[in-house]
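Chemist: Next comes the structure file protein20.cif, holding mmCIF, C-alpha atoms.
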data_protein
#
loop_
_atom_site.group_PDB
_atom_site.id
_atom_site.type_symbol
_atom_site.label_atom_id
_atom_site.label_comp_id
_atom_site.auth_asym_id
_atom_site.auth_seq_id
_atom_site.Cartn_x
_atom_site.Cartn_y
_atom_site.Cartn_z
ATOM 1 C CA MET A 30 -117.712 0.491 -33.542
ATOM 2 C CA VAL A 31 -114.284 -0.726 -34.710
ATOM 3 C CA LEU A 32 -113.537 2.706 -36.182
ATOM 4 C CA ARG A 33 -114.569 4.424 -32.966
ATOM 5 C CA ARG A 34 -112.269 2.175 -30.902
ATOM 6 C CA ALA A 35 -109.403 2.909 -33.272
ATOM 7 C CA VAL A 36 -109.962 6.651 -32.920
ATOM 8 C CA LEU A 37 -110.128 6.394 -29.132
ATOM 9 C CA GLY A 38 -106.955 4.319 -29.103
ATOM 10 C CA ALA A 39 -105.140 6.839 -31.268
ATOM 11 C CA GLY A 40 -106.352 9.628 -28.980
ATOM 12 C CA ALA A 41 -104.921 7.874 -25.936
ATOM 13 C CA LEU A 42 -101.577 7.396 -27.658
ATOM 14 C CA LEU A 43 -101.566 11.030 -28.728
ATOM 15 C CA GLY A 44 -102.169 12.088 -25.127
ATOM 16 C CA ALA A 45 -99.183 10.006 -24.040
ATOM 17 C CA VAL A 46 -97.039 11.677 -26.682
ATOM 18 C CA VAL A 47 -98.083 15.160 -25.546
ATOM 19 C CA LEU A 48 -97.126 14.270 -21.976
ATOM 20 C CA ALA A 49 -93.812 12.854 -23.148
ATOM 21 C CA VAL A 50 -92.796 16.091 -24.853
ATOM 22 C CA SER A 51 -94.212 18.484 -22.269
ATOM 23 C CA PRO A 52 -91.836 20.935 -20.526
ATOM 24 C CA ALA A 53 -92.030 18.856 -17.340
ATOM 25 C CA ALA A 54 -90.522 15.884 -19.201
ATOM 26 C CA ALA A 55 -87.824 18.077 -20.716
ATOM 27 C CA GLN A 56 -86.220 19.079 -17.416
ATOM 28 C CA PRO A 57 -82.420 18.761 -17.211
ATOM 29 C CA SER A 58 -80.922 15.838 -15.314
ATOM 30 C CA GLY A 59 -79.015 16.053 -12.047
ATOM 31 C CA GLN A 60 -75.803 15.848 -14.075
ATOM 32 C CA ASP A 61 -76.896 18.784 -16.244
ATOM 33 C CA GLU A 62 -77.811 20.927 -13.237
ATOM 34 C CA ALA A 63 -74.618 20.053 -11.351
ATOM 35 C CA TRP A 64 -72.497 21.015 -14.348
ATOM 36 C CA MET A 65 -74.351 24.302 -14.834
ATOM 37 C CA VAL A 66 -73.793 25.269 -11.194
ATOM 38 C CA ALA A 67 -70.110 24.277 -11.277
ATOM 39 C CA ALA A 68 -69.504 25.976 -14.628
ATOM 40 C CA HIS A 69 -71.178 29.179 -13.429
ATOM 41 C CA GLN A 70 -69.083 29.256 -10.262
ATOM 42 C CA SER A 71 -65.952 28.574 -12.318
ATOM 43 C CA ASN A 72 -66.817 31.452 -14.630
ATOM 44 C CA LEU A 73 -67.291 33.773 -11.647
ATOM 45 C CA ALA A 74 -63.986 32.598 -10.165
ATOM 46 C CA GLU A 75 -62.137 33.121 -13.464
ATOM 47 C CA ILE A 76 -63.595 36.613 -13.852
ATOM 48 C CA ALA A 77 -62.502 37.473 -10.306
ATOM 49 C CA ALA A 78 -59.052 35.988 -10.949
ATOM 50 C CA GLY A 79 -58.769 38.010 -14.151
ATOM 51 C CA THR A 80 -59.603 41.160 -12.215
ATOM 52 C CA ALA A 81 -56.958 40.309 -9.634
ATOM 53 C CA ALA A 82 -54.392 39.875 -12.418
ATOM 54 C CA GLN A 83 -55.303 43.258 -13.859
ATOM 55 C CA GLU A 84 -54.785 44.880 -10.470
ATOM 56 C CA GLN A 85 -51.781 43.006 -9.047
ATOM 57 C CA ALA A 86 -49.769 41.267 -11.780
ATOM 58 C CA SER A 87 -46.209 42.481 -12.216
ATOM 59 C CA THR A 88 -45.947 41.451 -15.877
ATOM 60 C CA GLU A 89 -47.900 42.556 -18.919
ATOM 61 C CA ALA A 90 -48.366 38.938 -20.027
ATOM 62 C CA VAL A 91 -50.291 38.014 -16.869
ATOM 63 C CA GLN A 92 -52.321 41.225 -17.045
ATOM 64 C CA GLU A 93 -53.279 40.476 -20.656
ATOM 65 C CA MET A 94 -54.205 36.899 -19.784
ATOM 66 C CA GLY A 95 -56.353 38.240 -16.981
ATOM 67 C CA ALA A 96 -58.200 40.457 -19.454
ATOM 68 C CA THR A 97 -58.737 37.455 -21.730
ATOM 69 C CA LEU A 98 -60.228 35.428 -18.878
ATOM 70 C CA ILE A 99 -62.629 38.237 -18.015
ATOM 71 C CA ALA A 100 -63.872 38.690 -21.589
ATOM 72 C CA ASP A 101 -64.196 34.995 -22.447
ATOM 73 C CA HIS A 102 -65.736 33.813 -19.184
ATOM 74 C CA GLU A 103 -68.224 36.686 -19.140
ATOM 75 C CA ALA A 104 -69.363 35.607 -22.621
ATOM 76 C CA LEU A 105 -69.596 31.928 -21.625
ATOM 77 C CA ASP A 106 -71.470 32.790 -18.456
ATOM 78 C CA ALA A 107 -73.997 35.002 -20.246
ATOM 79 C CA ASP A 108 -75.149 32.031 -22.344
ATOM 80 C CA LEU A 109 -75.157 29.726 -19.320
ATOM 81 C CA VAL A 110 -77.196 32.110 -17.153
ATOM 82 C CA ALA A 111 -79.730 32.610 -19.957
ATOM 83 C CA LEU A 112 -80.265 28.861 -20.362
ATOM 84 C CA ALA A 113 -80.409 28.290 -16.613
ATOM 85 C CA GLY A 114 -83.182 30.884 -16.367
ATOM 86 C CA GLU A 115 -85.108 29.135 -19.119
ATOM 87 C CA LEU A 116 -84.716 25.703 -17.542
ATOM 88 C CA GLY A 117 -85.451 26.905 -14.016
ATOM 89 C CA VAL A 118 -81.994 25.997 -12.677
ATOM 90 C CA ASP A 119 -80.985 28.097 -9.650
ATOM 91 C CA LEU A 120 -77.423 29.381 -9.837
ATOM 92 C CA PRO A 121 -75.336 30.731 -6.932
ATOM 93 C CA ASP A 122 -74.292 34.368 -7.020
ATOM 94 C CA GLN A 123 -70.662 33.784 -6.085
ATOM 95 C CA PRO A 124 -67.823 31.270 -6.516
ATOM 96 C CA SER A 125 -67.572 28.284 -4.194
ATOM 97 C CA PRO A 126 -66.046 28.820 -0.726
ATOM 98 C CA GLU A 127 -62.926 26.943 -1.862
ATOM 99 C CA GLN A 128 -62.553 29.182 -4.897
ATOM 100 C CA GLU A 129 -62.988 32.306 -2.784
ATOM 101 C CA ARG A 130 -60.393 31.118 -0.251
ATOM 102 C CA ALA A 131 -57.906 30.399 -3.037
ATOM 103 C CA LEU A 132 -58.417 33.872 -4.504
ATOM 104 C CA THR A 133 -58.000 35.485 -1.069
ATOM 105 C CA GLU A 134 -54.715 33.655 -0.546
ATOM 106 C CA LEU A 135 -53.570 34.634 -4.027
ATOM 107 C CA ARG A 136 -54.294 38.306 -3.394
ATOM 108 C CA GLU A 137 -52.023 38.190 -0.359
ATOM 109 C CA THR A 138 -48.986 37.651 -2.615
ATOM 110 C CA GLU A 139 -47.175 40.348 -4.581
ATOM 111 C CA GLY A 140 -44.875 40.840 -7.544
ATOM 112 C CA GLU A 141 -43.325 37.824 -9.204
ATOM 113 C CA ALA A 142 -44.707 35.532 -6.505
ATOM 114 C CA PHE A 143 -48.221 36.643 -7.422
ATOM 115 C CA ASP A 144 -47.638 35.988 -11.123
ATOM 116 C CA THR A 145 -46.244 32.500 -10.506
ATOM 117 C CA ALA A 146 -49.014 31.539 -8.086
ATOM 118 C CA TRP A 147 -51.696 33.030 -10.346
ATOM 119 C CA ILE A 148 -50.581 31.013 -13.384
ATOM 120 C CA ALA A 149 -50.380 27.790 -11.362
ATOM 121 C CA ALA A 150 -53.833 28.357 -9.878
ATOM 122 C CA GLN A 151 -55.368 29.042 -13.285
ATOM 123 C CA ILE A 152 -53.797 25.935 -14.804
ATOM 124 C CA GLN A 153 -55.406 23.805 -12.095
ATOM 125 C CA ALA A 154 -58.746 25.612 -12.364
ATOM 126 C CA HIS A 155 -58.903 25.171 -16.125
ATOM 127 C CA ARG A 156 -57.969 21.500 -15.918
ATOM 128 C CA THR A 157 -60.825 21.014 -13.464
ATOM 129 C CA SER A 158 -63.273 22.932 -15.676
ATOM 130 C CA LEU A 159 -62.214 21.001 -18.754
ATOM 131 C CA ALA A 160 -62.721 17.640 -17.024
ATOM 132 C CA ALA A 161 -66.153 18.683 -15.749
ATOM 133 C CA GLY A 162 -67.167 19.795 -19.227
ATOM 134 C CA GLN A 163 -66.092 16.513 -20.767
ATOM 135 C CA GLU A 164 -68.175 14.637 -18.193
ATOM 136 C CA GLU A 165 -71.208 16.725 -19.142
ATOM 137 C CA ILE A 166 -70.600 16.117 -22.855
ATOM 138 C CA ALA A 167 -70.396 12.362 -22.231
ATOM 139 C CA SER A 168 -73.185 12.009 -19.663
ATOM 140 C CA GLY A 169 -75.480 15.030 -19.941
ATOM 141 C CA SER A 170 -79.138 14.571 -20.938
ATOM 142 C CA ASP A 171 -80.315 18.017 -22.041
ATOM 143 C CA GLU A 172 -79.098 18.772 -25.567
ATOM 144 C CA ASP A 173 -78.851 22.521 -24.955
ATOM 145 C CA VAL A 174 -76.793 22.071 -21.779
ATOM 146 C CA VAL A 175 -74.505 19.618 -23.559
ATOM 147 C CA ALA A 176 -74.169 22.120 -26.412
ATOM 148 C CA LEU A 177 -72.981 24.764 -23.935
ATOM 149 C CA ALA A 178 -70.352 22.370 -22.575
ATOM 150 C CA GLU A 179 -69.220 21.607 -26.128
ATOM 151 C CA ALA A 180 -68.962 25.314 -26.952
ATOM 152 C CA ALA A 181 -67.019 26.063 -23.768
ATOM 153 C CA ALA A 182 -64.475 23.243 -24.200
ATOM 154 C CA PRO A 183 -62.284 24.841 -26.914
ATOM 155 C CA VAL A 184 -62.277 28.174 -25.069
ATOM 156 C CA ILE A 185 -61.148 26.553 -21.830
ATOM 157 C CA GLN A 186 -58.601 24.442 -23.718
ATOM 158 C CA ARG A 187 -57.189 27.556 -25.395
ATOM 159 C CA HIS A 188 -56.815 29.237 -22.016
ATOM 160 C CA LEU A 189 -55.117 26.153 -20.580
ATOM 161 C CA ASP A 190 -52.678 25.894 -23.481
ATOM 162 C CA HIS A 191 -51.766 29.571 -23.108
ATOM 163 C CA LEU A 192 -51.294 29.229 -19.348
ATOM 164 C CA LEU A 193 -49.139 26.133 -19.804
ATOM 165 C CA ALA A 194 -47.003 28.016 -22.316
ATOM 166 C CA MET A 195 -46.620 30.860 -19.832
ATOM 167 C CA SER A 196 -45.401 28.356 -17.228
ATOM 168 C CA GLY A 197 -43.082 26.592 -19.671
ATOM 169 C CA GLU A 198 -45.143 23.385 -19.842
ATOM 170 C CA ALA A 199 -46.286 21.609 -23.017
ATOM 171 C CA PRO A 200 -49.930 21.884 -24.174
ATOM 172 C CA GLU A 201 -52.299 19.065 -23.277
ATOM 173 C CA ALA A 202 -54.601 17.154 -25.644
ATOM 174 C CA VAL A 203 -58.327 17.529 -25.039
ATOM 175 C CA PRO A 204 -60.342 14.243 -24.993
ATOM 176 C CA GLY A 205 -63.070 13.844 -27.572
ATOM 177 C CA GLY A 206 -66.673 14.572 -26.662
ATOM 178 C CA LEU A 207 -69.871 12.774 -27.436
ATOM 179 C CA ALA A 208 -72.460 14.443 -29.646
ATOM 180 C CA PRO A 209 -76.074 13.422 -28.924
ATOM 181 C CA ASP A 210 -78.357 12.230 -31.737
ATOM 182 C CA GLY A 211 -81.769 10.616 -31.946
ATOM 183 C CA SER A 212 -84.218 8.936 -34.326
ATOM 184 C CA ALA A 213 -87.879 7.980 -34.515
ATOM 185 C CA ASN A 214 -89.610 5.033 -36.189
ATOM 186 C CA ALA A 215 -93.249 4.759 -37.310
ATOM 187 C CA VAL A 216 -95.304 1.585 -37.620
ATOM 188 C CA GLY A 217 -98.579 1.800 -39.544
ATOM 189 C CA VAL A 218 -100.542 4.870 -40.526
ATOM 190 C CA ALA A 219 -101.550 5.820 -36.987
ATOM 191 C CA ALA A 220 -97.949 5.507 -35.727
ATOM 192 C CA ILE A 221 -96.689 7.660 -38.585
ATOM 193 C CA ALA A 222 -99.146 10.387 -37.630
ATOM 194 C CA LEU A 223 -98.103 10.189 -33.992
ATOM 195 C CA GLY A 224 -94.442 10.270 -35.019
ATOM 196 C CA ALA A 225 -95.101 13.528 -36.840
ATOM 197 C CA VAL A 226 -96.633 14.945 -33.664
ATOM 198 C CA VAL A 227 -93.558 13.923 -31.672
ATOM 199 C CA VAL A 228 -91.193 15.574 -34.146
ATOM 200 C CA ALA A 229 -93.254 18.756 -34.318
ATOM 201 C CA ALA A 230 -93.601 19.035 -30.553
ATOM 202 C CA SER A 231 -89.934 18.292 -29.920
ATOM 203 C CA THR A 232 -88.903 20.861 -32.514
ATOM 204 C CA ALA A 233 -91.172 23.410 -30.882
ATOM 205 C CA VAL A 234 -89.461 22.850 -27.526
ATOM 206 C CA VAL A 235 -85.992 23.348 -29.026
ATOM 207 C CA VAL A 236 -87.070 26.396 -31.034
ATOM 208 C CA ARG A 237 -88.696 27.904 -27.956
ATOM 209 C CA ARG A 238 -85.486 27.518 -25.996
ATOM 210 C CA ARG A 239 -83.391 29.116 -28.684
ATOM 211 C CA GLN A 240 -85.847 31.971 -29.113
ATOM 212 C CA VAL A 241 -85.678 32.688 -25.391
ATOM 213 C CA ARG A 242 -81.894 32.774 -25.518
ATOM 214 C CA ALA A 243 -81.800 34.930 -28.678
#
Please, can you express the file's structure as structure tokens?

Modeler:
Amino acid sequence: MVLRRAVLGAGALLGAVVLAVSPAAAQPSGQDEAWMVAAHQSNLAEIAAGTAAQEQASTEAVQEMGATLIADHEALDADLVALAGELGVDLPDQPSPEQERALTELRETEGEAFDTAWIAAQIQAHRTSLAAGQEEIASGSDEDVVALAEAAAPVIQRHLDHLLAMSGEAPEAVPGGLAPDGSANAVGVAAIALGAVVVAASTAVVVRRRQVRA
């Protein structure tokens, strides 16, 4: 009888563990989703701005920077869109209304005025993106979403430094991010077994995500 109760108790705990590591429990937080939406819209806005620079800039330097924005933000956005699809996060299909208005106003300028306004607008946009990414790194819950923010940070910082140099300003230091980590403890033989289940199930979730993105 004692053995049977122990087995039933272990079964109940195991069921709780399975629920804890199920896909429903692995959904991204509101912070994660908000950052993914904002980062996607920023990528779309930067790609559109890069296209505008290719078409309207009066200097080769601005045209080349526009090409860099297109290539880098398309690459960043491809990873973001893939993860959003896996996590079930709906992304808009265009930049925010504010970003679209800013681009429309920018396209109404010409020559040197366009180049000056374009650089200033991109400096502000990249500062905003960098700050949003740092907030996700510090406060995000989903390790894959945080990893995307960490991967994007040096790219955005490189763009910002280049834009600042083009405007004659000094580069800015990027604040440090927070890397998530975790641990598990086991108490007794039954707890050790359940701990192994947790690790295996958690690993399976991470591997599944990365396989989907591969």

Chemist: Using all atoms listed in the file, which residues sit within 12 Å of Glu139 (chain A) once same-chain residues fewer than 4 positions away are excluded, as JSON, numbers by chain?

Modeler: {"A": [81, 82, 84, 85, 86, 87, 88, 134, 135, 143, 144, 145, 146, 147]}

Chemist: Have a look at A:Ile152, A:Asp61, A:Asp101, A:Arg136 and name the one nearest to Gly197 (chain A); count all atoms listed in the file.

Modeler: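 So, comparing all the options, the nearest one is A:Ile152.
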
Chemist: My list of candidates is A:Asn72, A:Gly79, A:Ala131, A:Asp122. Which is closest to Ala107 (chain A) when distances are computed with only C-alpha atoms?

Modeler: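 Comparing A:Asn72, A:Gly79, A:Ala131, A:Asp122 against Ala107 (chain A), the winner is A:Asn72.
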
Chemist: For Thr97 (chain A), which of A:Val110, A:Ala149, A:Ala178, A:Leu192 is the closest residue, counting only C-alpha atoms?

Modeler: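 Closest to Thr97 (chain A) of all the choices is A:Leu192.
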
Chemist: Restricting the calculation to all atoms listed in the file, which member of A:Leu120, A:Leu132, A:Leu109, A:Ala67 is positioned closest to Thr157 (chain A)?

Modeler: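 Under the stated criterion, the closest residue is A:Ala67.
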
Chemist: Excluding Leu177 (chain A) and its own-chain neighbours fewer than 4 positions away, which residues fall within 8 Å of it when counting all atoms listed in the file? Please give them as a ChimeraX atom specification.

Modeler: /A:108-109,173,181

Chemist: Residues proximal to (-61.7, 30.4, -13.4) were defined as those with any atom within 9 Å of that point in the file's coordinates, counting only C-alpha atoms. Which are they, as a short mmCIF file (atom, residue, chain, number, x, y, z; two decimals) with C-alpha atoms, in the coordinates of the input?

Modeler:
data_model
loop_
_atom_site.label_atom_id
_atom_site.label_comp_id
_atom_site.auth_asym_id
_atom_site.auth_seq_id
_atom_site.Cartn_x
_atom_site.Cartn_y
_atom_site.Cartn_z
CA GLN A 70 -69.08 29.26 -10.26
CA SER A 71 -65.95 28.57 -12.32
CA ASN A 72 -66.82 31.45 -14.63
CA LEU A 73 -67.29 33.77 -11.65
CA ALA A 74 -63.99 32.60 -10.16
CA GLU A 75 -62.14 33.12 -13.46
CA ILE A 76 -63.60 36.61 -13.85
CA ALA A 77 -62.50 37.47 -10.31
CA ALA A 78 -59.05 35.99 -10.95
CA GLY A 79 -58.77 38.01 -14.15
CA LEU A 98 -60.23 35.43 -18.88
CA HIS A 102 -65.74 33.81 -19.18
CA GLN A 128 -62.55 29.18 -4.90
CA ALA A 150 -53.83 28.36 -9.88
CA GLN A 151 -55.37 29.04 -13.28
CA ALA A 154 -58.75 25.61 -12.36
CA HIS A 155 -58.90 25.17 -16.12
CA SER A 158 -63.27 22.93 -15.68
#

Chemist: What does the PyMOL selection byres ((chain A and resi 116) around 9) select in this file, as a compact mmCIF listing (two decimals) with C-alpha atoms, keeping the file's coordinate frame?

Modeler:
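out.txt was written with the following content:
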# COMPACT_ATOMS: atom_id res chain seq x y z
CA ALA A 55 -87.82 18.08 -20.72
CA GLN A 56 -86.22 19.08 -17.42
CA PRO A 57 -82.42 18.76 -17.21
CA ALA A 111 -79.73 32.61 -19.96
CA LEU A 112 -80.26 28.86 -20.36
CA ALA A 113 -80.41 28.29 -16.61
CA GLY A 114 -83.18 30.88 -16.37
CA GLU A 115 -85.11 29.14 -19.12
CA GLY A 117 -85.45 26.90 -14.02
CA VAL A 118 -81.99 26.00 -12.68
CA ARG A 238 -85.49 27.52 -26.00

Chemist: In terms of the shortest atom-to-atom distance over only C-alpha atoms, which of A:Leu193, A:Ala160, A:Thr133, A:Ile148 is closest to Ala68 (chain A)?

Modeler: A:Ala160

Chemist: So which one's closest to His188 (chain A), A:Ala63, A:Ala104, A:Leu159, A:Ala176? Using all atoms listed in the file, please.

Modeler: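 The closest residue to His188 (chain A) is A:Leu159.
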
Chemist: Could you work out how far CA of Ser196 (chain A) lies from CA of Val91 (chain A), giving the answer in Å with one decimal?

Modeler: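 Result for CA of Val91 (chain A) versus CA of Ser196 (chain A): 10.8 Å, one decimal.
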
Chemist: If we count all atoms listed in the file, what is near Gln83 (chain A) at a cut-off of 7 Å, once residues fewer than 4 positions away on the same chain are taken out, given as a list in words?

Modeler: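 Once the nearby chain positions are removed, what remains is Gly79, Gln92, Gly95 and Ala96 of chain A.
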
Chemist: Quote the spacing between CA of Ala100 (chain A) and CA of Ala167 (chain A) in Å to one decimal place.

Modeler: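 Result for CA of Ala100 (chain A) versus CA of Ala167 (chain A): 27.1 Å, one decimal.
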
Chemist: Taking the file as I've supplied it (selection: the PyMOL selection byres ((chain A and resi 175) around 12)), which residues are included? Please answer as a ChimeraX atom specification.

Modeler: /A:57-58,60-62,64-65,109,112,161-174,176-182,206-210

Chemist: Please compute the CA of Glu103 (chain A)-CA of Gly59 (chain A) distance, one decimal, in Å.

Modeler: 24.3 Å
